[in-house]
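The next block holds one structure in the form of structure tokens; read it before the comments.
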Amino acid sequence: MKALINQPDQVVTEALQGMAMAYPNLIRLHENPQYVLRADAPKTGKVALVSGGGSGHEPMHAGFVGRGMLDAACPGAIFTSPTPDQIQEASTAVHGGQGILHIVKNYTGDVLNFQMAAELLQNDGIEVHSVVIDDDVAVKDSLYTAGRRGVGATVLAEKICGAAAEAGANLNAITALCTSINDSARSMGLALSPCTNPETGQASFTLGENEIEYGIGIHGEPGRQRIPWQPADTLTEKLMLPIIEDLPFKKGDEVLLFVNGLGATPLLELNIVYRAAARLASQHGLKVSRRLVGAYMTSLDMAGVSITLLRLDESMRSYWDAPVCTPALRWGC
Amino acid sequence: MKALINQPDQVVTEALQGMAMAYPNLIRLHENPQYVLRADAPKTGKVALVSGGGSGHEPMHAGFVGRGMLDAACPGAIFTSPTPDQIQEASTAVHGGQGILHIVKNYTGDVLNFQMAAELLQNDGIEVHSVVIDDDVAVKDSLYTAGRRGVGATVLAEKICGAAAEAGANLNAITALCTSINDSARSMGLALSPCTNPETGQASFTLGENEIEYGIGIHGEPGRQRIPWQPADTLTEKLMLPIIEDLPFKKGDEVLLFVNGLGATPLLELNIVYRAAARLASQHGLKVSRRLVGAYMTSLDMAGVSITLLRLDESMRSYWDAPVCTPALRWGC
Amino acid sequence: MGYAVVTLMQWITCAEEQFQSHLAELNALDAAIGDGDHGSNLARGFAKIREKLQANPPETPASLFKLVGMTLISTVGGASGPLYGSFFLEAGKIAGEQRELDDATLARCLQAGLTGIQRLGKAEAGDKTMIDALEPAIHALTNKAEMGVAAQKAREGRDATIPLIARKGRASYLGERAIGHADPGATSASLLLDCLASACLA
Amino acid sequence: MGYAVVTLMQWITCAEEQFQSHLAELNALDAAIGDGDHGSNLARGFAKIREKLQANPPETPASLFKLVGMTLISTVGGASGPLYGSFFLEAGKIAGEQRELDDATLARCLQAGLTGIQRLGKAEAGDKTMIDALEPAIHALTNKAEMGVAAQKAREGRDATIPLIARKGRASYLGERAIGHADPGATSASLLLDCLASACLA
Ligand SMILES: Nc1ncnc2c1ncn2[C@@H]1O[C@H](COP(=O)(O)OP(=O)(O)O)[C@@H](O)[C@H]1O
Ligand SMILES: Nc1ncnc2c1ncn2[C@@H]1O[C@H](COP(=O)(O)OP(=O)(O)O)[C@@H](O)[C@H]1O
Ligand SMILES: [Mg+2]
Ligand SMILES: [Mg+2]
Ligand SMILES: [Mg+2]
Ligand SMILES: [Mg+2]
């Protein structure tokens, strides 16, 4: 496979090493088991935020470790959830005596491994709360599915809860905040190309010249539907309407609009999608007061985009604005 | 062509509109002619920095407009230099009475159009200096070429000179600083895939399953040589050695290491390249004291990477560390 | 017959070989309705198990099962890591101190393992998961069937997942698009039963 | 013969049509040794020219040339915008107030245009640029050749760029890899001369 890698089975390890070398002031890498932690961890007296999941979604999650966001991230193999002992060790290493919040995306693997880790930590006498993020409206939430996937809301929850933890909020308050962010956020994505797993060299699916996977997740899994290409404004509407209708978002709501690139889509195109999404939001009476545009939660080299809307309240907004000092998100420091 | 666009000839305009909507506090967009300027321009009493070039390299240049970096950016059509009147109007709009520095990449089109603009501005009584960036060691610099291309050093020059302008340095001093950055920087890139121009729908070249274009520019032009795929560490060495030898960089030099993604290459891979590059730098006795890793100067959806080394002196280092408040580079604010 | 630790080691060794040689096939099945890593996941886990077994051969069935379960949990990740891991951990709890398991005890071990998977993953037969291969096979063993018959049941269970819509795991996101594909976990479970049958014969 | 503004407008209209119909071909030539936009660049510039000519038909050759030159400079960008723009601006300066140019004056206009391109771009014949088509054609006109002959010279000049290594513009980055491809600028220049010849005949 033609990629900038050495050994396929060393991709994640070497990338983490490179990242740690590039941000020595912000993060540290622990190997065996693999996790990334704040350079100044553990922060005594602060609730610790730990997240993680399969690799291949960079900069998520390791790029969000640092002051004002995560205390530790546990990267699994490509698209494979981390293991319980990895999560347990990372959590223990950053525990500052005030308990731990696990922010977990709703995939069977992530949920099961974090659940096992939480049990191990509780056996060690460490208080752990978990919030499962499930914001993807492409998936029907019913008894007959594994429930909605966790996608873009994860990034927003990590930023906002990270600021709350930094400000000294306690575990119950941060857990409630995280739950409320998840309840107030909805997402949807589409892909213009498959992604190729560097560990296996295989493309996740094949798409015709003119085809799009609509309702895609972030692991190269096929979407709910295959549709023909349409102009960006139309495709954006096909993402925005199900999002707006689902919560439902209402006239007068203040929102954060997050346009996320899946990896290979140029910023030029993300900006065109942002333009269309912001216009649609206004047309529906939503007040877009905060925004994020860029590749923050990717699927390797997939071309495509996802959109997330988060209904902001005052505390979310001010935590969003608070300083964040991580490799991938940075302001106020 | 399957991209997130509407009309092919509206790609640049709509993307700029989207960008301006996403960063209302940092930048403003002027249409007809098209340019992006600081939200608070003109800054009286400050030297104004203006850059520009073809579009398709996002976030460069419009993403670098803001406090501590550019006062204005002039985006041309995809891969096509802006026009003299566009540059003239942008420069006039941000002129703060202390003269203007044009930072120009060494391509015939960019050089000619900026040169014409400078003449127009000088006729209007505005003092304009120009520094032409030509850091690409893939091109032989001789009487028999258009000279070396301007690549990665452009981003670094815009950041560092922007900080100097913000700190109140005068036009002569900033021009000298910019020249010295260009003299102290070298770059080289390679592509794993062509890019596709959304205005024409055409791929820039075709590459075999196992082929790489080595010594590539940023406009989809073919490189100097086509080579077979090799592991990331070897490819990184093939970029680093010509860079190190060219200046030459010497044992003990303090450097900034910039690993730049060309668009479609996942951060995972950029981090692997950064790891290899930083190791090579150490092995050559270079002290990497600052770094930048990410997609800052792209070629649309091209997969590939470029590396830039800048030999830092104390003033460059402190201007690099100074606050920068733009859509694409942000710290200290 | 009796299952001493050597026989059970043959089972696990066979599984390692099968997952390695079916790696691409399991990944491809998973790519069709999931994220394309099921083969890589199991191969990674069982490679680690082989390493550990070589370094520290266990002396009882229980310690073998525990080692397999713990290793799967700590090296596989994903959905299948905790699920197959629990399967072996729970099986190990039933095996006790015995040096050799009889047919009935082995069946009880496997049934406990299956219950562990279901407690964790909440899936039922028909949800298009590994359960669809494991349950009919283990049910047959509980009813004193030959091991070869159980393996046959598992293969049938795997094939029976093809026309199903998934209700658990990643494949559940696909709705109707999951129809027409065998479940990767049911396929790996069927390989596991094949190996148990061949270890019996050896 | 005499070149009134109507004849020269036919020249420019023909050029617009030719660049439009050869857009893909010029882009492809440019993709081979440059960045693939030469056709789009010229098409954009000449489309704008047509718009302006329709709104405000110029009355003298000089004002036509000036309009064409200014429009190319302000809408084309890239290398070819300033170069072709200067060509027409300089040509216009020679045309003065005359309502109709004779052969000799037109030749002097074109020669001035060529000199303008060279002052700006510093290229010489053999550098694999538009100069290679323009120079032999304009040289022929200065020596009183027919327009058809000049167009033929331009085509030959374009073809002569094929075996060359480029010394100016983007193609110069390619070294030996530029060999075997016609220069896009020489190709567009040859189309320009073809149009001038056909405007003469009309
Ligand atoms: N809740 C569940 N209960 C039982 N088995 C499940 C459940 N969820 C998923 N599986 C099984 O796991 C398999 C996928 O495993 P794997 O690909 O290794 O993990 P992941 O889905 O995390 O990538 C599925 O084919 C299915 O058989
Ligand atoms: N210095 C120069 N002098 C004359 N012609 C030049 C020079 N540099 C480039 N050209 C011409 O410009 C053409 C390329 O034009 P175009 O593709 O529109 O601009 P760009 O190279 O900026 O993309 C080349 O084919 C060549 O004929
Ligand atoms: Mg997985
Ligand atoms: Mg160009
Ligand atoms: Mg899987
Ligand atoms: Mg060109």
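Following the order of the structure tokens, chains are lettered A, B, ..., residues in each are numbered from 1, and ligands are numbered from 1.
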Let me have all residues with an atom within 8 Å of ligand 2, counting only C-alpha atoms and all ligand atoms, laid out as a PyMOL selection string.
(chain B and resi 79-81+107-110+146) or (chain D and resi 27+30+34-42+76-81+83+117-118+120-124+128-131+168-171+183-187)
So that I can see what lies close to Arg186 of chain B, please list as a PyMOL selection string the residues with an atom at most 12 Å from it, counting only C-alpha atoms and leaving out residues fewer than 2 positions away in the same chain.
chain B and resi 133-139+148-154+156+181-184+188-189+239-249+255-258+306-311
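Minimum distance to chain D across B:Thr83, B:Ser142, B:Ser91, B:Thr236 (counting only C-alpha atoms) occurs at B:Thr83.
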Members of segment 142-218 of chain B assigned alpha helix (DSSP H) by DSSP, as an NGL selection string:
:B and (153-166 or 171-183)
Compare B:Ala77, B:Val155, B:Met302, B:Met19 by their minimum atom-to-atom distance to chain D, counting only C-alpha atoms, and give me the closest one.
B:Ala77
Which residues of chain B have any atom within 10 Å of an atom in chain D when counting only C-alpha atoms, and what is the closest pair of atoms for each, with the distance in Å to one decimal? Order the rows by chain and rising number and write it as CSV.
residue,atom,partner,partner_atom,distance
B:Asp9,CA,D:Arg44,CA,9.8
B:Pro33,CA,D:Ser74,CA,9.3
B:Gly53,CA,D:Gly78,CA,8.9
B:Gly54,CA,D:Gly78,CA,8.1
B:Gly76,CA,D:Gly77,CA,7.1
B:Ala77,CA,D:Gly77,CA,8.0
B:Ile78,CA,D:Asp37,CA,8.3
B:Phe79,CA,D:Asp35,CA,7.1
B:Thr80,CA,D:Gly78,CA,4.8
B:Ser81,CA,D:Gly78,CA,4.5
B:Pro82,CA,D:Gly77,CA,5.1
B:Thr83,CA,D:Gly77,CA,4.7
B:Pro84,CA,D:Ser74,CA,6.5
B:Asp85,CA,D:Ser74,CA,6.2
B:Gln86,CA,D:Ser74,CA,7.7
B:Tyr107,CA,D:Arg170,CA,7.1
B:Thr108,CA,D:Ala79,CA,5.5
B:Gly109,CA,D:Ala79,CA,3.6
B:Asp110,CA,D:Gly78,CA,6.5
B:Val111,CA,D:Ala79,CA,8.4
B:Leu112,CA,D:Pro82,CA,6.6
B:Asn113,CA,D:Pro82,CA,6.5
B:Gln115,CA,D:Leu120,CA,9.6
B:Met116,CA,D:Pro82,CA,8.2
B:Ala138,CA,D:Tyr173,CA,8.2
B:Val139,CA,D:Tyr173,CA,5.6
B:Lys140,CA,D:Tyr173,CA,7.6
B:Asp141,CA,D:Tyr173,CA,9.5
B:Ser142,CA,D:Arg167,CA,9.4
B:Leu143,CA,D:Arg167,CA,8.0
B:Tyr144,CA,D:Arg167,CA,4.8
B:Thr145,CA,D:Arg167,CA,4.5
B:Ala146,CA,D:Lys168,CA,4.9
B:Gly147,CA,D:Tyr173,CA,8.1
B:Arg148,CA,D:Tyr173,CA,7.9
B:Arg149,CA,D:Tyr173,CA,8.3
B:Asn197,CA,D:Gly36,CA,8.6
B:Glu199,CA,D:Ser40,CA,8.5
B:Thr200,CA,D:Ser40,CA,7.8
B:Gln202,CA,D:Gly36,CA,8.2
B:Ala203,CA,D:Ala31,CA,8.5
B:Ser204,CA,D:Ala31,CA,5.8
B:Phe205,CA,D:Ala31,CA,7.1
B:Gly215,CA,D:Tyr173,CA,9.4
B:Ile216,CA,D:Tyr173,CA,9.2
B:Gly217,CA,D:Tyr173,CA,8.8
B:Ile218,CA,D:Asp35,CA,9.2
B:His219,CA,D:Asp35,CA,5.6
B:Gly220,CA,D:Asp35,CA,5.8
B:Glu221,CA,D:Asp35,CA,5.0
B:Pro222,CA,D:Ile33,CA,7.0
B:Gly223,CA,D:Leu174,CA,6.6
B:Arg224,CA,D:Leu174,CA,5.4
B:Gln225,CA,D:Arg177,CA,8.3
Contacts of Val128 of chain B at 8 Å (only C-alpha atoms; same-chain gap of 3+ positions) as a PyMOL selection string:
chain B and resi 99-102+118+121-122
Just write the chosen residues, C-alpha atoms, as a PDB file, in the first residue's frame.
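File produced: out-v4.pdb:
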ATOM      1  CA  GLY B  99       4.613  50.839   3.753  1.00  0.00           C
ATOM      2  CA  ILE B 100       3.839  47.360   2.530  1.00  0.00           C
ATOM      3  CA  LEU B 101       5.763  44.130   2.267  1.00  0.00           C
ATOM      4  CA  HIS B 102       4.715  41.765  -0.488  1.00  0.00           C
ATOM      5  CA  ALA B 118       4.031  47.133  -6.873  1.00  0.00           C
ATOM      6  CA  LEU B 121       1.161  51.139  -5.809  1.00  0.00           C
ATOM      7  CA  GLN B 122       4.379  53.085  -6.114  1.00  0.00           C
TER       8      GLN B 122
END
Tell me, as a list in words, which residues lie within 10 Å of Val6 of chain D, counting only C-alpha atoms; anything in the same chain fewer than 6 positions away does not count.
Ile12, Pro57, Pro58, Glu59, Thr60, Pro61, Leu64, Glu100 and Ala199 of chain D
Segment 134-143 of chain D surroundings by only C-alpha atoms, 8 Å radius, close-in-sequence under 4 positions cut, as a list in words
Ala104, Ala107, Arg108, Leu110, Gln111, Leu114, Ala125, Met130, Met147, Val149, Ala150, Ala151, Gln152, Lys153, Ala154, Gly157, Ala186, Ala189, Ser190 and Leu193 of chain D
Output N, CA and C atoms for every residue in the selection just made, as a PDB file, in the first residue's frame.
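Generated output (result_2.pdb):
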ATOM      1  N   ALA D 104       2.600  47.520 -42.402  1.00  0.00           N
ATOM      2  CA  ALA D 104       3.853  47.850 -41.717  1.00  0.00           C
ATOM      3  C   ALA D 104       3.580  48.283 -40.274  1.00  0.00           C
ATOM      4  N   ALA D 107       2.712  45.331 -38.173  1.00  0.00           N
ATOM      5  CA  ALA D 107       3.933  44.588 -37.856  1.00  0.00           C
ATOM      6  C   ALA D 107       4.693  45.277 -36.721  1.00  0.00           C
ATOM      7  N   ARG D 108       4.748  46.623 -36.772  1.00  0.00           N
ATOM      8  CA  ARG D 108       5.454  47.346 -35.692  1.00  0.00           C
ATOM      9  C   ARG D 108       4.718  47.205 -34.365  1.00  0.00           C
ATOM     10  N   LEU D 110       2.932  44.614 -33.415  1.00  0.00           N
ATOM     11  CA  LEU D 110       3.170  43.263 -32.896  1.00  0.00           C
ATOM     12  C   LEU D 110       4.603  43.138 -32.377  1.00  0.00           C
ATOM     13  N   GLN D 111       5.519  43.763 -33.085  1.00  0.00           N
ATOM     14  CA  GLN D 111       6.914  43.728 -32.638  1.00  0.00           C
ATOM     15  C   GLN D 111       7.047  44.412 -31.274  1.00  0.00           C
ATOM     16  N   LEU D 114       5.783  42.039 -28.714  1.00  0.00           N
ATOM     17  CA  LEU D 114       6.771  40.995 -28.437  1.00  0.00           C
ATOM     18  C   LEU D 114       7.869  41.518 -27.521  1.00  0.00           C
ATOM     19  N   ALA D 125      14.162  33.232 -27.612  1.00  0.00           N
ATOM     20  CA  ALA D 125      13.790  32.115 -28.471  1.00  0.00           C
ATOM     21  C   ALA D 125      14.567  30.883 -28.011  1.00  0.00           C
ATOM     22  N   MET D 130       5.999  30.996 -25.280  1.00  0.00           N
ATOM     23  CA  MET D 130       5.215  31.633 -26.339  1.00  0.00           C
ATOM     24  C   MET D 130       6.098  32.395 -27.337  1.00  0.00           C
ATOM     25  N   MET D 147       0.194  37.266 -44.132  1.00  0.00           N
ATOM     26  CA  MET D 147      -0.240  36.844 -42.806  1.00  0.00           C
ATOM     27  C   MET D 147      -0.296  35.315 -42.682  1.00  0.00           C
ATOM     28  N   VAL D 149       1.598  33.195 -44.107  1.00  0.00           N
ATOM     29  CA  VAL D 149       2.967  32.702 -43.919  1.00  0.00           C
ATOM     30  C   VAL D 149       3.387  32.868 -42.448  1.00  0.00           C
ATOM     31  N   ALA D 150       3.034  34.018 -41.897  1.00  0.00           N
ATOM     32  CA  ALA D 150       3.378  34.278 -40.493  1.00  0.00           C
ATOM     33  C   ALA D 150       2.732  33.224 -39.580  1.00  0.00           C
ATOM     34  N   ALA D 151       1.456  32.926 -39.859  1.00  0.00           N
ATOM     35  CA  ALA D 151       0.761  31.925 -39.050  1.00  0.00           C
ATOM     36  C   ALA D 151       1.464  30.563 -39.172  1.00  0.00           C
ATOM     37  N   GLN D 152       1.902  30.276 -40.387  1.00  0.00           N
ATOM     38  CA  GLN D 152       2.633  29.029 -40.618  1.00  0.00           C
ATOM     39  C   GLN D 152       3.924  29.004 -39.794  1.00  0.00           C
ATOM     40  N   LYS D 153       4.624  30.133 -39.759  1.00  0.00           N
ATOM     41  CA  LYS D 153       5.863  30.247 -38.962  1.00  0.00           C
ATOM     42  C   LYS D 153       5.568  29.998 -37.472  1.00  0.00           C
ATOM     43  N   ALA D 154       4.433  30.532 -37.016  1.00  0.00           N
ATOM     44  CA  ALA D 154       4.069  30.349 -35.607  1.00  0.00           C
ATOM     45  C   ALA D 154       3.827  28.874 -35.308  1.00  0.00           C
ATOM     46  N   GLY D 157       7.047  27.228 -35.136  1.00  0.00           N
ATOM     47  CA  GLY D 157       7.705  27.607 -33.884  1.00  0.00           C
ATOM     48  C   GLY D 157       7.147  26.814 -32.698  1.00  0.00           C
ATOM     49  N   ALA D 186       3.230  28.581 -26.459  1.00  0.00           N
ATOM     50  CA  ALA D 186       3.541  28.623 -27.894  1.00  0.00           C
ATOM     51  C   ALA D 186       2.338  28.146 -28.696  1.00  0.00           C
ATOM     52  N   ALA D 189      -0.187  30.944 -28.694  1.00  0.00           N
ATOM     53  CA  ALA D 189       0.316  32.013 -29.560  1.00  0.00           C
ATOM     54  C   ALA D 189       0.085  31.662 -31.026  1.00  0.00           C
ATOM     55  N   SER D 190       0.269  30.402 -31.346  1.00  0.00           N
ATOM     56  CA  SER D 190       0.045  29.984 -32.729  1.00  0.00           C
ATOM     57  C   SER D 190      -1.440  30.105 -33.101  1.00  0.00           C
ATOM     58  N   LEU D 193      -2.108  33.693 -33.969  1.00  0.00           N
ATOM     59  CA  LEU D 193      -1.664  34.061 -35.317  1.00  0.00           C
ATOM     60  C   LEU D 193      -2.598  33.473 -36.376  1.00  0.00           C
TER      61      LEU D 193
END
Among the residues A:Leu29, A:Ala322, A:Ala264, A:Ile126, the one that comes closest to chain B [using only C-alpha atoms]:
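Nearest to chain B: A:Ala264.
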Among the residues B:Leu16, B:Val65, B:Val131, B:Leu49, the one that comes closest to chain A [using only C-alpha atoms]
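Of B:Leu16, B:Val65, B:Val131, B:Leu49, the one nearest chain A is B:Leu16, counting only C-alpha atoms.
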Near chain B, meaning an atom within 7 Å, which residues of chain A appear when counting only C-alpha atoms? Write them as a PyMOL selection string.
chain A and resi 2+4-6+14-15+17-19+21-22+58-59+192+210+229+231-233+263-269+271-272+274-275+291+300-301+330-333
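Taking atom CA of Thr105 of chain D as the reference point, atom CA of Arg155 of chain D is found at 22.9 Å.
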Atom CA of Gly125 of chain A and atom CA of Gly96 of chain A are how many Å apart?
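It comes out at 13.0 Å.
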Write out as an NGL selection string the residues lying within 9 Å of Gln18 of chain C, counting only C-alpha atoms and excluding same-chain residues fewer than 3 positions away.
:C and (13-15 or 21-23 or 43 or 188 or 191-192 or 195)
How far is it from atom CA of Leu164 of chain D to atom CA of Glu25 of chain D, in Å with one decimal?
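Pair atom CA of Leu164 of chain D / atom CA of Glu25 of chain D returns 19.6 Å.
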Close residues, Val50 of chain B itself excluded, 12 Å, only C-alpha atoms, min 2 positions apart in chain, as a PyMOL selection string:
chain B and resi 35-38+41-42+47-48+52-53+61-62+64-66+69-75+86-95+99-105+114+117-118+128-131+154+157-159+161-162+165
Looking only at the backbone, which of the residues in segment 121-255 of chain B does DSSP tag as strand (DSSP E or B), as a short mmCIF file (atom, residue, chain, number, x, y, z; two decimals) with N, CA, C and O atoms, in the first residue's frame?
data_model
loop_
_atom_site.label_atom_id
_atom_site.label_comp_id
_atom_site.auth_asym_id
_atom_site.auth_seq_id
_atom_site.Cartn_x
_atom_site.Cartn_y
_atom_site.Cartn_z
N VAL B 128 6.43 50.11 -1.34
CA VAL B 128 6.26 48.65 -1.37
C VAL B 128 7.61 47.96 -1.49
O VAL B 128 8.41 48.31 -2.37
N HIS B 129 7.86 47.03 -0.61
CA HIS B 129 9.01 46.14 -0.79
C HIS B 129 8.46 44.76 -1.15
O HIS B 129 7.36 44.41 -0.76
N SER B 130 9.27 43.99 -1.87
CA SER B 130 8.86 42.63 -2.19
C SER B 130 9.98 41.67 -1.83
O SER B 130 11.15 41.96 -2.11
N VAL B 131 9.63 40.56 -1.21
CA VAL B 131 10.62 39.51 -1.02
C VAL B 131 10.10 38.27 -1.74
O VAL B 131 8.94 37.88 -1.56
N VAL B 132 10.93 37.72 -2.60
CA VAL B 132 10.54 36.55 -3.35
C VAL B 132 11.10 35.31 -2.64
O VAL B 132 12.30 35.21 -2.40
N ILE B 133 10.22 34.41 -2.28
CA ILE B 133 10.61 33.20 -1.55
C ILE B 133 10.96 32.10 -2.55
O ILE B 133 10.17 31.80 -3.45
N ASP B 136 12.82 25.88 -2.59
CA ASP B 136 12.62 24.48 -2.99
C ASP B 136 13.89 23.88 -3.60
O ASP B 136 14.23 24.16 -4.75
N ALA B 185 16.22 29.02 4.87
CA ALA B 185 15.23 27.94 4.80
C ALA B 185 15.38 27.14 3.51
O ALA B 185 15.69 27.69 2.46
N ARG B 186 15.16 25.84 3.62
CA ARG B 186 15.17 24.97 2.45
C ARG B 186 14.05 23.95 2.59
O ARG B 186 13.76 23.49 3.70
N SER B 187 13.49 23.55 1.45
CA SER B 187 12.35 22.64 1.44
C SER B 187 12.45 21.61 0.33
O SER B 187 13.17 21.81 -0.65
N MET B 188 11.65 20.55 0.48
CA MET B 188 11.56 19.53 -0.58
C MET B 188 10.29 18.71 -0.32
O MET B 188 9.94 18.46 0.83
N GLY B 189 9.63 18.29 -1.41
CA GLY B 189 8.38 17.55 -1.26
C GLY B 189 8.25 16.37 -2.19
O GLY B 189 9.01 16.24 -3.16
N LEU B 190 7.30 15.52 -1.88
CA LEU B 190 6.98 14.40 -2.77
C LEU B 190 5.49 14.13 -2.72
O LEU B 190 4.81 14.45 -1.75
N ALA B 191 4.99 13.53 -3.80
CA ALA B 191 3.55 13.25 -3.90
C ALA B 191 3.31 11.76 -4.08
O ALA B 191 4.04 11.09 -4.80
N THR B 196 -6.67 16.87 -8.14
CA THR B 196 -7.68 17.10 -9.17
C THR B 196 -8.21 18.51 -9.03
O THR B 196 -8.71 18.89 -7.98
N ALA B 203 -7.20 15.45 -13.34
CA ALA B 203 -6.09 15.08 -12.46
C ALA B 203 -4.81 15.65 -13.04
O ALA B 203 -4.65 15.76 -14.26
N GLU B 211 4.12 4.10 -7.56
CA GLU B 211 5.01 5.20 -7.95
C GLU B 211 4.82 6.45 -7.11
O GLU B 211 3.73 6.73 -6.62
N ILE B 212 5.88 7.20 -7.02
CA ILE B 212 5.90 8.46 -6.28
C ILE B 212 6.53 9.54 -7.14
O ILE B 212 7.49 9.27 -7.86
N GLU B 213 5.98 10.75 -7.10
CA GLU B 213 6.62 11.88 -7.75
C GLU B 213 7.51 12.56 -6.71
O GLU B 213 7.03 13.07 -5.70
N TYR B 214 8.77 12.60 -7.00
CA TYR B 214 9.76 13.09 -6.04
C TYR B 214 10.25 14.47 -6.51
O TYR B 214 10.57 14.65 -7.68
N GLN B 225 11.40 13.67 -10.71
CA GLN B 225 11.73 12.27 -10.91
C GLN B 225 10.60 11.40 -10.41
O GLN B 225 9.92 11.75 -9.44
N ARG B 226 10.42 10.28 -11.08
CA ARG B 226 9.41 9.34 -10.61
C ARG B 226 10.14 8.17 -9.99
O ARG B 226 11.01 7.57 -10.61
N ILE B 227 9.84 7.84 -8.76
CA ILE B 227 10.55 6.77 -8.06
C ILE B 227 9.56 5.78 -7.49
O ILE B 227 8.39 6.10 -7.31
N PRO B 228 10.02 4.55 -7.22
CA PRO B 228 9.11 3.58 -6.62
C PRO B 228 8.86 3.89 -5.15
O PRO B 228 9.68 4.54 -4.50
N GLU B 254 20.42 25.63 15.31
CA GLU B 254 19.08 25.50 15.88
C GLU B 254 18.08 25.66 14.74
O GLU B 254 18.18 26.60 13.95
N VAL B 255 17.13 24.73 14.63
CA VAL B 255 16.22 24.77 13.48
C VAL B 255 14.76 24.63 13.89
O VAL B 255 14.43 24.10 14.95
#
Given only C-alpha atoms and all ligand atoms as the basis, pick out the residue of D:Ser198, D:Gly126, D:Gly96, D:Leu26 nearest to ligand 6.
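Of D:Ser198, D:Gly126, D:Gly96, D:Leu26, the one nearest ligand 6 is D:Leu26, counting only C-alpha atoms and all ligand atoms.
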